[in-house]
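structure39.txt (compact mmCIF, C-alpha atoms and all ligand atoms)
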```
# COMPACT_ATOMS: atom_id res chain seq x y z
CA MET A 28 -35.99 -31.21 -25.70
CA PHE A 29 -37.99 -29.13 -23.24
CA GLU A 30 -41.64 -29.73 -22.35
CA LEU A 31 -42.81 -26.19 -22.84
CA GLU A 32 -41.44 -22.83 -23.85
CA ILE A 33 -43.08 -19.52 -23.00
CA MET A 34 -41.78 -17.21 -25.70
CA ASN A 35 -41.15 -13.47 -25.73
CA ALA A 36 -42.86 -12.55 -22.48
CA THR A 37 -42.13 -9.41 -20.54
CA ILE A 38 -40.70 -11.05 -17.44
CA VAL A 39 -41.22 -9.09 -14.22
CA THR A 40 -39.58 -10.07 -10.95
CA THR A 41 -39.10 -8.03 -7.80
CA ASN A 42 -35.92 -6.46 -9.16
CA GLN A 43 -35.92 -6.68 -12.95
CA ARG A 44 -38.04 -6.47 -16.07
CA PHE A 45 -36.95 -7.81 -19.46
CA VAL A 46 -38.29 -9.53 -22.56
CA GLY A 47 -37.33 -13.18 -22.54
CA SER A 48 -38.34 -16.81 -22.99
CA ILE A 49 -38.56 -19.58 -20.43
CA SER A 50 -38.01 -23.24 -21.22
CA ILE A 51 -39.46 -25.75 -18.79
CA LYS A 52 -38.34 -29.28 -18.03
CA ASP A 53 -39.55 -31.69 -15.33
CA GLY A 54 -41.78 -28.95 -13.96
CA LYS A 55 -38.87 -26.60 -13.34
CA ILE A 56 -37.49 -23.51 -15.04
CA ALA A 57 -34.62 -24.99 -17.07
CA VAL A 58 -33.47 -22.02 -19.16
CA ILE A 59 -34.21 -18.32 -19.20
CA SER A 60 -33.13 -16.90 -22.56
CA LYS A 61 -33.26 -13.51 -24.27
CA SER A 62 -34.71 -15.00 -27.46
CA PRO A 63 -36.71 -18.23 -27.88
CA LEU A 64 -34.77 -21.53 -28.00
CA ARG A 65 -37.54 -23.21 -30.07
CA ASN A 66 -36.67 -26.59 -28.67
CA ALA A 67 -39.84 -27.68 -26.85
CA GLU A 68 -42.83 -29.95 -27.38
CA HIS A 69 -45.28 -27.10 -26.72
CA TYR A 70 -45.13 -23.34 -26.98
CA ILE A 71 -46.99 -20.37 -25.60
CA ASN A 72 -46.50 -17.20 -27.58
CA ALA A 73 -46.49 -14.59 -24.83
CA GLU A 74 -45.72 -11.55 -26.92
CA GLY A 75 -47.42 -8.56 -25.30
CA LEU A 76 -48.06 -10.51 -22.08
CA VAL A 77 -46.33 -10.10 -18.73
CA LEU A 78 -44.88 -13.11 -16.91
CA ILE A 79 -44.61 -13.16 -13.13
CA PRO A 80 -43.98 -15.92 -10.57
CA GLY A 81 -47.16 -17.54 -9.22
CA MET A 82 -48.64 -15.97 -6.14
CA VAL A 83 -48.13 -17.66 -2.74
CA ASP A 84 -51.25 -17.06 -0.68
CA GLN A 85 -50.26 -17.93 2.86
CA HIS A 86 -53.66 -17.33 4.48
CA VAL A 87 -56.65 -19.16 3.00
CA HIS A 88 -59.50 -21.20 4.48
CA PHE A 89 -60.81 -23.91 2.14
CA MET A 90 -62.96 -25.57 4.84
CA ASP A 91 -62.04 -29.08 3.65
CA PRO A 92 -62.53 -31.24 5.60
CA GLY A 93 -64.87 -29.08 7.65
CA GLU A 94 -67.66 -26.85 6.43
CA THR A 95 -67.51 -27.96 2.80
CA GLU A 96 -70.84 -26.32 2.02
CA ARG A 97 -68.89 -23.02 2.37
CA GLU A 98 -65.88 -24.06 0.29
CA ASP A 99 -63.81 -27.11 -0.52
CA PHE A 100 -60.29 -27.66 -1.80
CA ILE A 101 -61.46 -28.40 -5.34
CA HIS A 102 -63.36 -25.12 -5.71
CA GLY A 103 -60.96 -23.11 -3.57
CA SER A 104 -57.89 -24.26 -5.48
CA MET A 105 -59.59 -23.67 -8.85
CA ALA A 106 -60.47 -20.16 -7.66
CA ALA A 107 -56.82 -19.74 -6.61
CA ALA A 108 -55.52 -20.81 -10.03
CA MET A 109 -57.91 -18.35 -11.74
CA GLY A 110 -56.49 -15.64 -9.50
CA GLY A 111 -52.88 -16.43 -10.41
CA VAL A 112 -52.19 -18.18 -7.09
CA THR A 113 -50.04 -21.30 -7.48
CA THR A 114 -49.39 -22.10 -3.80
CA VAL A 115 -51.82 -21.82 -0.91
CA ILE A 116 -51.18 -22.29 2.79
CA GLU A 117 -54.47 -23.40 4.27
CA HIS A 118 -56.15 -23.81 7.63
CA THR A 119 -59.76 -24.52 8.57
CA HIS A 120 -61.16 -23.43 11.93
CA GLY A 121 -64.03 -25.93 11.77
CA PHE A 122 -61.59 -28.84 11.51
CA PRO A 123 -58.35 -27.66 13.08
CA VAL A 124 -55.12 -29.62 12.65
CA ARG A 125 -53.88 -30.01 16.23
CA ASN A 126 -51.72 -33.11 16.12
CA VAL A 127 -49.72 -35.25 13.72
CA GLN A 128 -52.58 -37.71 13.26
CA THR A 129 -55.05 -35.08 12.00
CA PHE A 130 -52.29 -33.55 9.88
CA ASP A 131 -51.63 -36.90 8.21
CA GLU A 132 -55.36 -37.56 7.74
CA LYS A 133 -55.91 -34.16 6.17
CA MET A 134 -52.89 -34.52 3.86
CA ASP A 135 -54.22 -37.90 2.79
CA HIS A 136 -57.70 -36.47 2.18
CA LEU A 137 -56.28 -33.67 0.00
CA LYS A 138 -54.26 -35.95 -2.30
CA ASN A 139 -56.44 -35.46 -5.38
CA ARG A 140 -58.31 -32.36 -4.36
CA SER A 141 -56.07 -29.45 -5.26
CA LEU A 142 -55.25 -27.75 -8.53
CA VAL A 143 -52.43 -25.72 -6.94
CA ASP A 144 -49.61 -26.62 -4.56
CA TYR A 145 -50.47 -26.41 -0.89
CA GLY A 146 -49.20 -26.49 2.65
CA LEU A 147 -51.06 -26.57 5.95
CA THR A 148 -51.10 -24.32 8.97
CA ALA A 149 -51.83 -26.05 12.29
CA HIS A 150 -53.81 -24.49 15.15
CA ALA A 151 -52.14 -24.05 18.52
CA PHE A 152 -54.75 -24.56 21.25
CA PRO A 153 -53.81 -23.79 24.86
CA GLU A 154 -53.47 -27.45 25.81
CA ASP A 155 -51.51 -28.43 22.67
CA ILE A 156 -48.06 -27.00 23.33
CA GLY A 157 -46.51 -30.47 23.37
CA ASN A 158 -47.86 -31.17 19.88
CA LEU A 159 -46.19 -28.22 18.17
CA LYS A 160 -42.70 -29.63 17.60
CA PRO A 161 -43.94 -32.97 16.19
CA LEU A 162 -46.27 -31.04 13.84
CA TRP A 163 -43.43 -28.81 12.67
CA ASP A 164 -41.19 -31.82 12.06
CA ARG A 165 -44.01 -33.39 10.04
CA GLY A 166 -44.13 -30.40 7.68
CA VAL A 167 -46.65 -27.93 9.05
CA MET A 168 -45.89 -24.50 7.57
CA MET A 169 -47.10 -22.28 10.44
CA PHE A 170 -49.13 -22.23 13.64
CA LYS A 171 -52.33 -20.19 13.86
CA ILE A 172 -52.88 -18.59 17.22
CA PHE A 173 -55.84 -16.53 18.48
CA THR A 174 -55.71 -13.94 21.25
CA CYS A 175 -59.51 -14.01 21.34
CA THR A 176 -62.14 -16.72 21.17
CA THR A 177 -63.21 -16.41 17.53
CA HIS A 178 -64.48 -18.84 14.87
CA GLY A 179 -64.71 -21.44 17.67
CA ILE A 180 -60.96 -21.30 18.37
CA PRO A 181 -60.12 -20.66 22.02
CA THR A 182 -58.15 -17.70 23.38
CA MET A 183 -54.49 -18.08 24.19
CA ASN A 184 -54.05 -16.09 27.40
CA ASN A 185 -50.68 -14.47 28.06
CA ASP A 186 -49.32 -17.50 29.90
CA TYR A 187 -50.19 -19.96 27.11
CA LEU A 188 -49.17 -17.47 24.44
CA TYR A 189 -45.77 -16.85 25.98
CA ARG A 190 -45.09 -20.55 26.41
CA ALA A 191 -46.28 -21.36 22.87
CA PHE A 192 -44.00 -18.63 21.49
CA GLU A 193 -41.03 -19.94 23.47
CA GLU A 194 -41.72 -23.46 22.22
CA ILE A 195 -42.13 -22.41 18.56
CA ALA A 196 -39.01 -20.23 18.79
CA SER A 197 -37.05 -23.24 20.11
CA PHE A 198 -37.36 -24.97 16.72
CA ASN A 199 -37.35 -21.72 14.67
CA GLY A 200 -40.99 -22.16 13.67
CA THR A 201 -43.39 -19.49 12.50
CA CYS A 202 -46.78 -18.37 13.73
CA LEU A 203 -49.67 -16.40 12.30
CA VAL A 204 -51.45 -14.55 15.07
CA HIS A 205 -54.98 -13.18 14.99
CA CYS A 206 -54.77 -10.18 17.31
CA GLU A 207 -57.87 -8.84 19.06
CA ASP A 208 -58.05 -8.56 22.84
CA ASP A 209 -60.59 -11.06 24.15
CA ALA A 210 -61.70 -9.10 27.22
CA ILE A 211 -62.24 -5.92 25.19
CA THR A 212 -64.24 -7.56 22.38
CA GLU A 213 -66.29 -9.43 24.99
CA GLY A 214 -66.98 -6.25 26.95
CA ASN A 215 -67.96 -4.39 23.79
CA GLU A 216 -70.30 -7.20 22.82
CA MET A 217 -71.99 -7.23 26.22
CA ARG A 218 -72.57 -3.47 26.20
CA LEU A 219 -73.90 -3.46 22.62
CA ARG A 220 -76.24 -6.36 23.27
CA ASN A 221 -77.49 -4.77 26.50
CA VAL A 222 -78.86 -1.86 24.46
CA MET A 223 -80.33 -4.25 21.87
CA ARG A 224 -78.14 -3.14 19.00
CA PHE A 225 -78.56 -5.22 15.83
CA ASP A 226 -77.48 -2.69 13.20
CA ASN A 227 -74.52 -3.25 10.86
CA GLU A 228 -72.40 -0.69 12.70
CA ILE A 229 -72.01 -2.99 15.70
CA ILE A 230 -69.21 -4.74 13.76
CA SER A 231 -66.87 -1.75 14.00
CA GLU A 232 -67.72 -1.03 17.66
CA TRP A 233 -67.59 -4.67 18.77
CA ARG A 234 -64.26 -5.40 17.04
CA SER A 235 -62.75 -2.04 17.97
CA GLU A 236 -59.42 -0.57 16.95
CA ALA A 237 -58.36 -0.55 20.61
CA ALA A 238 -59.00 -4.29 20.87
CA GLU A 239 -56.67 -4.88 17.94
CA GLU A 240 -53.99 -2.39 19.02
CA ILE A 241 -53.74 -3.75 22.56
CA ALA A 242 -53.47 -7.34 21.36
CA VAL A 243 -50.88 -6.43 18.73
CA ALA A 244 -48.76 -4.45 21.20
CA ASN A 245 -48.79 -7.44 23.52
CA VAL A 246 -48.05 -10.05 20.86
CA ALA A 247 -45.35 -7.90 19.26
CA LEU A 248 -43.59 -7.49 22.60
CA MET A 249 -43.82 -11.22 23.29
CA ALA A 250 -42.45 -11.93 19.83
CA ARG A 251 -39.41 -9.81 20.67
CA LEU A 252 -38.93 -11.38 24.10
CA THR A 253 -39.13 -14.93 22.77
CA GLY A 254 -37.56 -14.38 19.33
CA VAL A 255 -40.34 -16.31 17.58
CA ASN A 256 -41.09 -15.62 13.89
CA THR A 257 -44.50 -13.98 13.97
CA ILE A 258 -46.83 -12.75 11.29
CA ILE A 259 -49.43 -10.32 12.58
CA ALA A 260 -52.47 -11.42 10.57
CA HIS A 261 -54.76 -8.99 8.71
CA VAL A 262 -53.64 -5.57 9.93
CA SER A 263 -56.65 -3.27 9.70
CA HIS A 264 -55.26 0.21 10.36
CA PRO A 265 -52.03 2.23 10.34
CA LEU A 266 -51.37 2.49 14.09
CA VAL A 267 -50.99 -1.28 14.18
CA ILE A 268 -48.09 -0.90 11.76
CA ASP A 269 -46.44 1.60 14.12
CA LEU A 270 -46.71 -0.92 16.95
CA ILE A 271 -45.17 -3.63 14.78
CA LYS A 272 -42.36 -1.34 13.61
CA ARG A 273 -41.53 -0.41 17.18
CA GLU A 274 -40.69 -4.04 17.96
CA GLN A 275 -39.10 -4.74 14.57
CA VAL A 276 -36.61 -1.98 15.35
CA GLU A 277 -35.86 -3.71 18.65
CA GLY A 278 -35.08 -6.93 16.77
CA ALA A 279 -38.37 -8.82 16.76
CA ASN A 280 -38.89 -11.23 13.84
CA LEU A 281 -42.23 -9.67 13.04
CA TYR A 282 -44.11 -9.32 9.78
CA ALA A 283 -47.28 -7.40 8.98
CA GLU A 284 -49.89 -9.01 6.75
CA ILE A 285 -52.32 -6.93 4.71
CA CYS A 286 -55.43 -8.31 2.99
CA PRO A 287 -57.31 -6.70 0.09
CA GLN A 288 -60.41 -5.99 2.18
CA TYR A 289 -58.42 -3.42 4.20
CA LEU A 290 -57.33 -1.64 1.03
CA PHE A 291 -60.57 -1.75 -0.95
CA LEU A 292 -63.34 -1.67 1.68
CA ASP A 293 -64.11 0.67 4.59
CA ASP A 294 -66.57 1.28 7.42
CA GLU A 295 -69.12 2.87 5.06
CA VAL A 296 -69.25 -0.41 3.13
CA ILE A 297 -69.78 -2.30 6.40
CA LYS A 298 -72.71 0.00 7.24
CA GLU A 299 -74.25 -0.63 3.85
CA LYS A 300 -73.48 -4.32 3.27
CA GLY A 301 -73.49 -5.75 6.81
CA PRO A 302 -72.91 -9.52 6.62
CA PHE A 303 -71.24 -9.17 3.20
CA ALA A 304 -68.62 -6.90 4.72
CA LYS A 305 -68.37 -8.75 8.04
CA PHE A 306 -64.85 -9.93 8.81
CA THR A 307 -62.61 -9.33 11.78
CA PRO A 308 -60.77 -7.16 12.52
CA PRO A 309 -63.06 -5.05 10.33
CA ALA A 310 -62.09 -2.49 7.70
CA ARG A 311 -61.78 1.00 9.25
CA SER A 312 -62.25 4.49 7.76
CA ALA A 313 -61.53 5.23 4.09
CA ASP A 314 -58.63 7.47 5.20
CA LYS A 315 -57.06 4.57 7.03
CA SER A 316 -57.47 2.23 4.04
CA ARG A 317 -55.75 4.88 1.95
CA LYS A 318 -52.88 5.14 4.44
CA LEU A 319 -52.53 1.33 4.49
CA LEU A 320 -52.02 1.40 0.73
CA GLU A 321 -49.12 3.82 1.27
CA LEU A 322 -47.62 1.46 3.86
CA THR A 323 -48.12 -1.47 1.47
CA ASN A 324 -46.19 0.46 -1.13
CA ASN A 325 -43.29 1.60 1.00
CA GLY A 326 -42.40 -1.75 2.55
CA ASP A 327 -43.77 -1.14 6.06
CA ILE A 328 -46.17 -3.99 5.31
CA GLN A 329 -44.33 -7.16 4.35
CA LEU A 330 -47.02 -9.56 3.13
CA LEU A 331 -50.24 -9.65 1.15
CA SER A 332 -52.65 -12.54 1.52
CA THR A 333 -56.39 -12.93 1.10
CA ASP A 334 -57.70 -14.54 4.29
CA HIS A 335 -60.11 -16.22 1.85
CA ALA A 336 -62.93 -17.34 4.18
CA PRO A 337 -66.06 -17.77 2.07
CA SER A 338 -69.68 -18.29 2.96
CA THR A 339 -72.56 -18.57 0.50
CA VAL A 340 -75.11 -15.75 0.22
CA GLU A 341 -77.62 -17.92 2.15
CA GLN A 342 -75.11 -18.53 4.94
CA LYS A 343 -74.31 -14.83 5.19
CA MET A 344 -78.04 -14.09 5.58
CA GLU A 345 -78.49 -16.59 8.43
CA GLY A 346 -79.45 -15.08 11.80
CA THR A 347 -78.64 -11.56 12.95
CA ILE A 348 -75.54 -9.51 12.22
CA TRP A 349 -74.10 -11.00 15.43
CA ASP A 350 -74.59 -14.60 14.28
CA CYS A 351 -73.64 -14.79 10.59
CA ASN A 352 -70.19 -16.04 9.62
CA PHE A 353 -67.20 -13.74 9.53
CA GLY A 354 -65.08 -13.72 6.38
CA LEU A 355 -64.99 -12.94 2.68
CA PRO A 356 -64.04 -14.85 -0.44
CA GLY A 357 -60.91 -13.39 -2.05
CA VAL A 358 -58.43 -15.84 -3.51
CA GLU A 359 -59.56 -15.35 -7.11
CA THR A 360 -60.01 -11.58 -7.00
CA THR A 361 -56.95 -10.36 -5.09
CA LEU A 362 -54.41 -10.38 -7.91
CA PRO A 363 -56.90 -8.84 -10.41
CA MET A 364 -57.73 -6.07 -7.92
CA MET A 365 -53.99 -5.45 -7.40
CA LEU A 366 -53.33 -5.42 -11.17
CA ASN A 367 -56.00 -2.74 -11.46
CA LEU A 368 -54.17 -0.70 -8.81
CA VAL A 369 -50.96 -1.17 -10.80
CA ASN A 370 -52.71 0.20 -13.88
CA GLU A 371 -54.00 3.13 -11.84
CA GLY A 372 -50.41 3.91 -10.85
CA GLU A 373 -51.06 3.22 -7.15
CA ILE A 374 -48.48 0.43 -6.75
CA THR A 375 -45.86 -1.23 -8.93
CA LEU A 376 -46.22 -4.75 -10.25
CA GLU A 377 -42.79 -5.46 -8.75
CA GLN A 378 -44.13 -4.58 -5.30
CA VAL A 379 -47.20 -6.81 -5.79
CA VAL A 380 -44.91 -9.71 -6.73
CA LYS A 381 -42.78 -9.03 -3.67
CA LEU A 382 -45.71 -8.90 -1.23
CA TYR A 383 -47.83 -11.69 -2.66
CA SER A 384 -45.19 -14.11 -3.93
CA GLU A 385 -41.56 -13.60 -2.88
CA MET A 386 -42.02 -12.52 0.75
CA PRO A 387 -44.46 -15.26 1.77
CA ALA A 388 -42.21 -17.83 0.07
CA ARG A 389 -39.19 -16.48 1.96
CA ILE A 390 -40.93 -16.36 5.34
CA LEU A 391 -42.34 -19.85 4.88
CA GLY A 392 -38.94 -21.26 3.87
CA ILE A 393 -40.03 -22.35 0.37
CA TYR A 394 -38.02 -19.72 -1.56
CA PRO A 395 -36.61 -19.82 -4.27
CA GLN A 396 -38.46 -23.04 -5.20
CA LYS A 397 -41.62 -20.89 -4.94
CA GLY A 398 -41.93 -17.12 -5.37
CA SER A 399 -39.16 -16.64 -7.90
CA ILE A 400 -38.31 -16.81 -11.58
CA THR A 401 -34.86 -18.41 -11.49
CA VAL A 402 -33.30 -21.43 -13.13
CA GLY A 403 -34.10 -24.48 -11.03
CA ALA A 404 -37.21 -22.98 -9.43
CA ASP A 405 -40.60 -24.65 -9.84
CA ALA A 406 -42.27 -23.42 -13.05
CA ASP A 407 -45.10 -21.79 -11.11
CA LEU A 408 -45.84 -18.97 -13.49
CA VAL A 409 -48.63 -16.55 -14.36
CA LEU A 410 -49.10 -14.73 -17.66
CA LEU A 411 -50.93 -11.44 -17.42
CA ASP A 412 -52.65 -9.34 -20.01
CA MET A 413 -52.15 -5.96 -18.36
CA LYS A 414 -54.41 -4.21 -20.89
CA HIS A 415 -57.41 -6.52 -20.71
CA LYS A 416 -60.54 -4.69 -19.48
CA TRP A 417 -63.21 -6.70 -17.73
CA THR A 418 -65.71 -6.57 -14.88
CA LEU A 419 -65.71 -8.70 -11.72
CA LYS A 420 -69.09 -10.40 -11.45
CA ASP A 421 -70.69 -12.64 -8.84
CA GLU A 422 -71.82 -15.10 -11.52
CA ASP A 423 -68.24 -15.71 -12.67
CA ILE A 424 -66.95 -16.62 -9.21
CA ILE A 425 -65.66 -20.19 -9.00
CA SER A 426 -65.43 -20.34 -5.20
CA LYS A 427 -68.43 -22.06 -3.63
CA SER A 428 -69.36 -18.73 -2.09
CA GLY A 429 -70.65 -17.63 -5.51
CA TRP A 430 -70.11 -13.91 -4.86
CA THR A 431 -67.42 -11.31 -4.43
CA PRO A 432 -67.37 -8.07 -2.43
CA TYR A 433 -66.04 -6.47 -5.64
CA ASP A 434 -69.01 -7.37 -7.87
CA GLY A 435 -69.40 -4.78 -10.62
CA ILE A 436 -65.88 -3.35 -10.34
CA GLU A 437 -64.23 -2.68 -13.67
CA ILE A 438 -60.70 -4.01 -13.83
CA THR A 439 -57.83 -3.46 -16.20
CA GLY A 440 -55.38 -6.38 -16.13
CA LYS A 441 -56.13 -10.09 -16.04
CA PRO A 442 -54.28 -13.32 -15.28
CA LEU A 443 -54.69 -15.36 -18.49
CA TYR A 444 -52.47 -18.39 -17.92
CA THR A 445 -51.49 -20.11 -14.70
CA LEU A 446 -48.86 -22.85 -14.59
CA VAL A 447 -48.23 -25.08 -11.61
CA ARG A 448 -44.83 -26.80 -11.93
CA GLY A 449 -45.09 -26.49 -15.70
CA ASN A 450 -48.65 -27.82 -15.88
CA ILE A 451 -51.01 -25.38 -17.56
CA VAL A 452 -53.98 -25.19 -15.19
CA VAL A 453 -55.54 -21.99 -16.54
CA GLU A 454 -55.39 -21.34 -20.29
CA ASN A 455 -56.69 -18.16 -21.83
CA GLY A 456 -58.74 -17.40 -18.73
CA SER A 457 -60.37 -20.85 -18.40
CA ILE A 458 -59.59 -23.75 -16.07
CA VAL A 459 -58.02 -26.63 -17.99
CA GLY A 460 -56.19 -28.49 -15.21
CA LYS A 461 -57.61 -31.22 -12.98
CA PRO A 462 -57.52 -31.36 -9.17
CA GLY A 463 -54.63 -33.58 -8.14
CA ILE A 464 -52.05 -31.53 -10.05
CA GLY A 465 -51.44 -29.62 -6.83
CA LYS A 466 -48.91 -31.27 -4.48
CA PRO A 467 -47.77 -30.57 -0.93
CA VAL A 468 -44.94 -28.04 -0.62
CA LYS A 469 -41.84 -28.76 1.43
CA ARG A 470 -39.81 -26.33 3.51
CA ASN A 471 -36.14 -25.93 2.66
CA GLU A 472 -33.79 -27.90 4.89
CA LYS A 473 -32.06 -25.53 7.27
ZN ZN A 501 -58.08 -16.19 8.47
```

Structure translated into structure tokens:
Amino acid sequence: MFELEIMNATIVTTNQRFVGSISIKDGKIAVISKSPLRNAEHYINAEGLVLIPGMVDQHVHFMDPGETEREDFIHGSMAAAMGGVTTVIEHTHGFPVRNVQTFDEKMDHLKNRSLVDYGLTAHAFPEDIGNLKPLWDRGVMMFKIFTCTTHGIPTMNNDYLYRAFEEIASFNGTCLVHCEDDAITEGNEMRLRNVMRFDNEIISEWRSEAAEEIAVANVALMARLTGVNTIIAHVSHPLVIDLIKREQVEGANLYAEICPQYLFLDDEVIKEKGPFAKFTPPARSADKSRKLLELTNNGDIQLLSTDHAPSTVEQKMEGTIWDCNFGLPGVETTLPMMLNLVNEGEITLEQVVKLYSEMPARILGIYPQKGSITVGADADLVLLDMKHKWTLKDEDIISKSGWTPYDGIEITGKPLYTLVRGNIVVENGSIVGKPGIGKPVKRNEK
């Protein structure tokens, strides 16, 4: 007897699409059958619905512990579940994990605070190189590195960066690098402040394309020289992809990460919305967003994640455009926005599953347990109604931020059910699971 059977769904993976039924036992996919087995305690009739593996969002900030007035794991993970995300990889700049002790404390703190499965990214500070191997051995999923002093995290200069890469490569670890050149962003800031600029357009000039390109070129080269697995975080424009490809061709283990704000927003939105479109690197011109969508489609971009970094409306309004927090909420709106693109014929659902589920799971070493629909995999599953029409609204947002940059956008396609290891956490579009269902993920043994 199985625990649950999802019957007659249109199952979509990265390489096939068929009508079938899935029987679940002990939280895992036990049988995939053409027609229902009808041998379970519970059933979901999924006729007319599409079944995909749960999304693996490898770049979220739930601020917990840390700035929990911005977000916490309970709200963040509920928002994730609503957005069809069943695994999150989290890091918080306000409370960085820098050693095994803080890692253990944070894992302990999160025990009953997540609705979805989770892993943690540690921060590599310049003086912490000796802590990286013990953290990796303890189960950290990645190391976050900054080439610029941002969100209170110090710059890794080339010496530190190179040594950190060599160290992380020595144990085949992975890093997620925020690439903006510190000297260039600092120089831009000084010049803009000297002429008393406080308009919204400072964001694009301060966090310039050149600052990003130069840092990416540098990091990509170092990734090749050291052999470290490196994800270039939140690529904001197409030239960055060219720089990454150049080193990929030379053998670098490099991956490009796209986030929805670079596909759906642009510099006109920054001009208009200021703090509510302030994130870094910023979105560029509409043409460049358009081109990034092409690159997302054709495989030149390998990963999609949200960089969910919420602030409340009040927090976004604090101080000048220079002072207010960077970052946007996104974990609950990313899959819906992508489903809408699928319905508009701009991308295939298979490609969305690849970018937002399979690839992150593979790079993180948690595939096929996560990111796949195969017998033996965790039953992390999402049922979609691809025809459902609805509107994204601030008042429906579960994240503590309480708003979305996509307020008012009409969407076709909605995640209706989310299952985490066979547990139904979202049923018919409403949260039914309790925090604590989510458990830490473990990397595959190599
Ligand atoms: Zn981030």

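Once all atoms listed in the file are used for the distance check, the residues close to ligand ZN 501 (chain A) at 10 Å turn out to be Gln85, His86, Val87, His88, Glu117, His118, Thr119, His120, Lys171, His178, Leu203, Val204, His205, Ala260, His261, Cys286, Phe306, Thr307, Ser332, Thr333, Asp334, His335, Ala336, Phe353, Gly354 and Leu355 of chain A.
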
Residues within 7 Å of Ser62 of chain A, please, as a ChimeraX atom specification. Count all atoms listed in the file; anything in the same chain fewer than 3 positions from it doesn't count.
/A:35,47-48

With 10 Å as the cut-off and all atoms listed in the file counted, what is the closest atom pair between each nearby residue of segment 319-410 of chain A and segment 126-149 of chain A? Distances in Å to one decimal, ordered by chain and number, as a Markdown table.
```
| residue | atom | partner | partner_atom | distance |
| --- | --- | --- | --- | --- |
| A:Leu391 | CA | A:Gly146 | CA | 9.8 |
| A:Lys397 | CA | A:Asp144 | CA | 9.8 |
| A:Asp407 | CA | A:Val143 | CA | 9.3 |
```

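Proximity ranking of A:Ile259, A:Ala108, A:Val358, A:Val453 relative to Trp430 of chain A places A:Val358 first, based on all atoms listed in the file.
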
Is there a way to get, as a list in words, all residues within 12 Å of the point (-77.1, -16.0, 5.5) in file coordinates, counting all atoms listed in the file?
Arg97, Gly301, Pro302, Phe303, Lys305, Pro337, Ser338, Thr339, Val340, Glu341, Gln342, Lys343, Met344, Glu345, Gly346, Thr347, Ile348, Trp349, Asp350, Cys351, Asn352, Phe353 and Ser428 of chain A

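Rounded to one decimal, atom CA of Asp226 of chain A and atom CA of Leu319 of chain A lie 26.7 Å from each other.
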
Quick one: everything within 6 Å of Phe89 of chain A, counting all atoms listed in the file, minus sequence neighbours fewer than 4 positions away in the same chain. Send it as a ChimeraX atom specification.
/A:98-100,103

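In this comparison, which uses all atoms listed in the file, the residue of A:Cys175, A:Leu290, A:Ile285, A:Met413 approaching Ala242 of chain A most closely is A:Cys175.
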
Residue nearest Lys461 of chain A among A:His102, A:Arg251, A:Arg218, A:Arg389 (counting all atoms listed in the file)
A:His102

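Nearest residue to Leu162 of chain A among A:Gly357, A:Gly200, A:Pro467, A:Gly54 is A:Gly200, counting only C-alpha atoms.
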
Out of A:Ala247, A:Ile79, A:Cys202, A:Val167, which residue has the shortest atom-to-atom distance to Val112 of chain A when counting all atoms listed in the file?
A:Ile79
